[in-house]
Amino acid sequence: MMQDIVLHAFAAAIQPMNLIFIAFGIFLGIVIGALPGLGSVTAMAVLIPLTFYMSPLTAIAFLVGVNKGGTSGGAVPAILLNSPGTPESAATAWDGYPMARRGEAFRALKFALFSSVTGDTISDLLLIVLVVPFAAFALQFGPVEYTAVLLFSFALIAGIAGDSPLKSGMAIFIGIFLATVGLDPVSSTPRFTFGRIELYDGLSLAALAIGALALSSVVMQISDLATRRVVDDFAANQAVDKQDRKLPAREFFSYWRTLIRGALIGSLVGMLPGLGVTLASFMSYAAARRSSKHKEKFGHGEPEGIIATESANSAVVGSNLIPTIALGIPGNIAAALLIGALMMHGVVPGPFMLQMHGELIYGLFASMIVANLLHLLIGRAGLSLWILFARVPRRIILPPVLMLCIFGIYLPSQSLWDVGVMLAFAGMGILFTRVGISVVCTVIGFLLGEMFETSLRQSLLLFQVDGLSILASPIAGIFLLLTIMIVARALWRGSRKKATTA
């Protein structure tokens with residue numbers, strides 16, 4: 001019986017029209033994901049109305065293809081220009097950009113693509129196996145558990161993003177503080193709005209992320225080129241790049257532990273609604289650095305850093321459909337858009353989805369596996385095109401990228417206010433970079449700040465009678481213990497470093 005279901009699912013997945021739209025979705029996702037200011041979520045939101053004229057399977061497979069391509073496409077500007085268009089690709093830039101500077105841009109892009117497809121495939125297989133049993137586990141997570149997980153994540157990220165955990169922790173706190181701008185989620189009273197209606201909905205995540213990460217990097221590179229503090233190194237390293245284009249399968253799979261670890265971390269984070277892609281990429285990077293025998297190479301062009309990041313953030317694409325299908329709860333914004341597309345086609349996600357629409361769901365599973373193969377082929381064919389940008393002098397490439405950052409913020413909302421916010425955060429990004437404060441930590445703090453505040457306040461309301469009742473949750477207790485251990489280790493290492501310096 002199961003064999004017949006699988007064969008029928010793959011027969012539906014390889015229908016010519018289905019394959020065409022999957023391939024087209026992946027292509028669009030890669031291209032849009034490579035443009036600073038845009039991304040797979042923006043592309044999906046714009047393209048959903050077009051799926052109304054498709055069959056349900058083709059429509060959802062097309063949108064999943066856009067999501068897959070967009071997630072991996074973000075690595076392109078991060079590696080070639082050190083301008084991550086999205087927060088999750090920032091960790092890729094830490095090791096991808098140094099590889100590109102020394103003439104290994106093609107190899108770095110290969111590592112990113114192959115890791116992305118591998119992590120995505122592992123996640124899709126876990127989706128097929130765990131979609132039903134996960135429902136019971138996901139229901140165990142409440143406000144207390146989410147608060148503990150987020151505290152653990154903040155401590156973990158602060159420990160890896162820079163030389164000073166104290167500075168990184170301060171940057172995360174600044175991001176959380178910026179997330180409080182707007183209406184209070186409980187009482188709906190304005191906070192830090194200064195009478196500006198534009199701030200009632202809070203600061204724009206896109207404006208903050210693009211300004212602090214991408215635009216600030218582009219402006220600093222233009223400034224360095226104009227003042228001749230750096231040479232146009234991509235053009236200077238063309239000969240080296242041609243010598244280092246090969247990536248043997250044996251070399252790539254020699255990092256199999258990092259690949260599997262990243263895919264499992266990304267899958268676990270994707271299963272828990274709301275945590276997001278950015279958290280998965282940085283947790284995987286931290287785990288890879290902690291377990292590596294060459295910790296000192298991370299941040300200086302270590303392929304393992306790219307593998308850890310890309311395998312994790314792509315693994316979220318498949319696993320975030322687990323709570324979507326099992327519980328009807330979107331794992332992130334992309335999954336929420338997929339729920340909208342499903343409902344547009346008369347399919348209501350939830351516990352009875354597999355029973356009522358089993359043929360569609362298994363067809364989607366098969367389409368996701370097929371999409372990974374197409375992703376590998378399309379992505380590999382496009383590497384030579386992307387590498388052309390590395391051979392064009394940066395004085396020609398960077399100004400258009402700067403304009404794309406501005407247009408990418410203005411076009412979705414048509415708001416000059418958001419452009420001004422982006423420019424302000426670009427200035428903040430430049431200042432933070434010059435004084436050695438991690439801009440990435442600020443963006444992560446802002447990204448997770450609203451969820452952290454909501455879960456923390458809900459936890460305080462639940463346990464206001466007896467605060468020690470929070471320890472009744474074994475899941476929360478484990479993550480709080482891990483958080484304390486990470487903070488204690490960071491303090492011990494800091495005191496030891498000061499003693500050695502003295």
# chains A, B, ... in the order shown; residues from 1 in each chain; ligands from 1

call {"tool": "residues_around", "arguments": {"residues": "A:Gly382", "least_positions_apart": "6", "cutoff": "10 Å", "atoms": "only C-alpha atoms", "output": "PDB file with C-alpha atoms, in the first residue's frame"}}
result
ATOM      1  CA  PHE A  27      15.697  29.983 -10.504  1.00  0.00           C
ATOM      2  CA  ILE A  30      18.237  32.159  -6.354  1.00  0.00           C
ATOM      3  CA  VAL A  31      18.169  35.383  -8.376  1.00  0.00           C
ATOM      4  CA  LEU A 376      21.711  21.302  -7.506  1.00  0.00           C
TER       5      LEU A 376
END

call {"tool": "atom_distance", "arguments": {"atom1": "atom CA of A:Gly305", "atom2": "atom CA of A:Leu279"}}
result
14.9 Å

call {"tool": "residues_around", "arguments": {"residues": "A:Arg257", "least_positions_apart": "6", "cutoff": "12 Å", "atoms": "only C-alpha atoms", "output": "number ranges by chain"}}
result
A: 115, 119, 263-264, 284, 287-288, 291-292, 304, 307-308, 311

call {"tool": "residues_around", "arguments": {"residues": "stretch 419-436 of chain A", "least_positions_apart": "6", "cutoff": "12 Å", "atoms": "only C-alpha atoms", "output": "ChimeraX atom specification"}}
result
/A:37,83,161-168,170-171,174-175,178,198-199,202-221,223,402-413,442-443

call {"tool": "residues_around", "arguments": {"residues": "A:Ala335", "least_positions_apart": "6", "cutoff": "8 Å", "atoms": "only C-alpha atoms", "output": "list of chain:residue names"}}
result
A:Asn320, A:Leu321, A:Thr324

call {"tool": "write_last_selection", "arguments": {"atoms": "all heavy atoms", "output": "PDB file, in the first residue's frame"}}
result
ATOM      1  N   ASN A 320      10.383  23.330   8.686  1.00  0.00           N
ATOM      2  CA  ASN A 320       9.350  24.242   9.182  1.00  0.00           C
ATOM      3  C   ASN A 320       7.962  23.881   8.672  1.00  0.00           C
ATOM      4  O   ASN A 320       6.963  24.440   9.136  1.00  0.00           O
ATOM      5  CB  ASN A 320       9.688  25.707   8.850  1.00  0.00           C
ATOM      6  CG  ASN A 320       9.713  25.996   7.354  1.00  0.00           C
ATOM      7  OD1 ASN A 320       9.082  25.324   6.542  1.00  0.00           O
ATOM      8  ND2 ASN A 320      10.451  27.021   6.980  1.00  0.00           N
ATOM      9  N   LEU A 321       7.895  22.932   7.727  1.00  0.00           N
ATOM     10  CA  LEU A 321       6.598  22.435   7.283  1.00  0.00           C
ATOM     11  C   LEU A 321       6.042  21.368   8.233  1.00  0.00           C
ATOM     12  O   LEU A 321       4.878  20.991   8.114  1.00  0.00           O
ATOM     13  CB  LEU A 321       6.700  21.857   5.872  1.00  0.00           C
ATOM     14  CG  LEU A 321       6.975  22.858   4.744  1.00  0.00           C
ATOM     15  CD1 LEU A 321       7.016  22.140   3.400  1.00  0.00           C
ATOM     16  CD2 LEU A 321       5.928  23.947   4.718  1.00  0.00           C
ATOM     17  N   THR A 324       3.628  23.030  10.400  1.00  0.00           N
ATOM     18  CA  THR A 324       2.600  23.558   9.496  1.00  0.00           C
ATOM     19  C   THR A 324       1.597  22.467   9.124  1.00  0.00           C
ATOM     20  O   THR A 324       0.376  22.674   9.163  1.00  0.00           O
ATOM     21  CB  THR A 324       3.253  24.121   8.221  1.00  0.00           C
ATOM     22  OG1 THR A 324       4.206  25.125   8.580  1.00  0.00           O
ATOM     23  CG2 THR A 324       2.208  24.718   7.293  1.00  0.00           C
TER      24      THR A 324
END

call {"tool": "residues_around", "arguments": {"residues": "A:Pro248", "least_positions_apart": "4", "cutoff": "12 Å", "atoms": "only C-alpha atoms", "output": "VMD selection string"}}
result
chain A and resid 107 110 to 111 114 244 252 to 254

call {"tool": "select_by_dssp", "arguments": {"residues": "stretch 32-192 of chain A", "states": "strand (DSSP E or B)", "output": "ChimeraX atom specification"}}
result
/A:182-183,190-191

call {"tool": "closest_residue", "arguments": {"among": "A:Val66, A:Leu127, A:Val439, A:Glu453", "to": "A:Pro323", "atoms": "only C-alpha atoms"}}
result
A:Leu127
